[in-house]
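Here's the structure, in structure tokens; my notes come after.
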Amino acid sequence: MIEFLDALGRHAFLRHALLAGVLASVASGVVGTYVVTRRITAIAGSLAHAVLGGMGLAIWLRTVHGWAWLTPLHGAVFAALLGAVIIGAARARGGDREDTVISALWAVGMAVGVLFLFLTPGYKADLMTYLFGNIVMVDPETLRLLLLLDGVILLVVALFYDPLLAVCYDEEFARLRGVRTDAVFTLLLVLVALTIVTLIYVVGVVLVIALISLPVSAVGRFSRRLWQMMVLAAALSSALTAAGLALAYAADLPAGAVTILLAALVYVLAGAASALKRRA
């Protein structure tokens, strides 16, 4: 740990990585609470994999057509928001379309992303960065985008806290009270989409759903209010990403994978502690 703290003071890329982890943790703690409470982890997983399609398209346009201003995260935001709107629309129309659309987005997003990455000349190795994360690759421009996304997420949650709470706990009652539940649910999906984008560099597309759900599930055993879960989950996620970065730096391991394993360990320990508390 001392070695990591020393390196943190000497290397800007480690400071950028640590800040990115904290920013992503704030989003995942807040929105992940809604995801776990509403039990929509499958939808979150679908949006996470659909993001790869937008990133692949952005990289292809940037490399082949010279769109120098376009970054992979811009493509990720576009794909995630598009996926959220599509799922929200399918859900509003009812029937069995929702499950089909979720599955299709999951597969098609990955397929489109892989296709565009394959078509991009000289671009192959960095695919692992987006699939499994590479937090040390975060640059100041990415940090500014993450900060903006965090600001948008927190503002929307502050403005629509009560409708989102109602939809998560009792959607039918909320509808009877006049809440436009379909619109609120689509808004929730948009928040999930933006949160996924903030986590791409931290743990990657494949592992993102774990960091959204595991810390929230761990603290949920000891929280009685939704806002408490949000605060505790954000704090725990920040601690996990920092610890994962430190351990990965010391052992020369992938930071995203280490972070997820730490999150899984904490989840198991929280479950054991909760079981012991009930028996006492």
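Residues are referred to by chain and number: the chain letter is A, B, ... according to the order shown in the structure tokens, the number counts from 1 in that chain, and ligands are numbered separately from 1 in the order shown.
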
Write out, as a tab-separated table, each residue of region 181-207 of chain A that has an atom at most 9 Å from region 151-160 of chain A, together with the closest pair of atoms and their distance in Å to one decimal, counting only C-alpha atoms, rows going by chain and rising number.
```
residue	atom	partner	partner_atom	distance
A:Val184	CA	A:Phe160	CA	8.4
A:Leu187	CA	A:Val156	CA	8.8
A:Leu191	CA	A:Ile153	CA	6.2
A:Leu194	CA	A:Ile153	CA	7.5
A:Thr195	CA	A:Ile153	CA	7.8
```

Near Arg180 (chain A), counting only C-alpha atoms, which residues have an atom at most 10 Å away, once you skip same-chain residues fewer than 6 positions from it, shown as a PDB file with C-alpha atoms, in the first residue's frame?
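Output (result-v3.pdb):
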```
ATOM      1  CA  PRO A 163     -41.466   9.117  -8.771  1.00  0.00           C
ATOM      2  CA  VAL A 167     -41.932   2.988  -9.592  1.00  0.00           C
ATOM      3  CA  GLU A 171     -45.493   0.570  -9.794  1.00  0.00           C
ATOM      4  CA  ALA A 174     -47.911   4.742  -8.456  1.00  0.00           C
TER       5      ALA A 174
END
```

Identify which of the residues A:Leu147, A:Leu119, A:Ala270, A:Ala17 lies closest to Gly244 (chain A), counting only C-alpha atoms when measuring atom-to-atom distances.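 Looking at the shortest contact to Gly244 (chain A), the residue is A:Ala17.
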
Produce a table with one row for each residue of region 100-205 of chain A that has an atom at most 12 Å from any atom of region 259-263 of chain A, each row naming the nearest atom pair and its distance in Å at one decimal; use only C-alpha atoms; arrange rows by chain and rising residue number; format as a Markdown table.
```
| residue | atom | partner | partner_atom | distance |
| --- | --- | --- | --- | --- |
| A:Phe132 | CA | A:Ile260 | CA | 10.6 |
| A:Gly133 | CA | A:Thr259 | CA | 10.7 |
| A:Asn134 | CA | A:Thr259 | CA | 11.6 |
| A:Ile135 | CA | A:Thr259 | CA | 10.9 |
| A:Leu199 | CA | A:Thr259 | CA | 11.9 |
| A:Val202 | CA | A:Thr259 | CA | 8.8 |
| A:Val203 | CA | A:Ile260 | CA | 7.7 |
| A:Gly204 | CA | A:Ile260 | CA | 10.7 |
```

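Closest approach to Thr129 (chain A) among A:Ala20, A:Leu211, A:Val258, A:Ile200: A:Ile200, based on only C-alpha atoms.
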
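CA of Phe185 (chain A) is found 7.5 Å from CA of Leu164 (chain A).
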
Set out as JSON lines a contact list for region 197-251 of chain A and region 68-88 of chain A with a cut-off of 10 Å, giving each residue of region 197-251 of chain A that qualifies its closest atom pair and distance in Å to one decimal, counting only C-alpha atoms, ordered by chain and rising residue number.
```
{"residue": "A:Val197", "atom": "CA", "partner": "A:Ala76", "partner_atom": "CA", "distance": 6.2}
{"residue": "A:Thr198", "atom": "CA", "partner": "A:Leu73", "partner_atom": "CA", "distance": 8.7}
{"residue": "A:Ile200", "atom": "CA", "partner": "A:Leu73", "partner_atom": "CA", "distance": 8.5}
{"residue": "A:Tyr201", "atom": "CA", "partner": "A:Leu73", "partner_atom": "CA", "distance": 9.3}
```

For Leu105 (chain A), work out the shell of residues within 10 Å, counting only C-alpha atoms and skipping chain neighbours fewer than 3 positions away, then give it as a PyMOL selection string. chain A and resi 43+45-51+53+83-84+86-87+100-102+108-111

Atom pair CA of Val26 (chain A) + CA of Asp99 (chain A), distance 29.1 Å

In terms of the shortest atom-to-atom distance over only C-alpha atoms, which of A:Leu8, A:Leu149, A:Ala257, A:Glu141 is closest to Thr241 (chain A)?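 Ranked by minimum distance to Thr241 (chain A), first place goes to A:Ala257.
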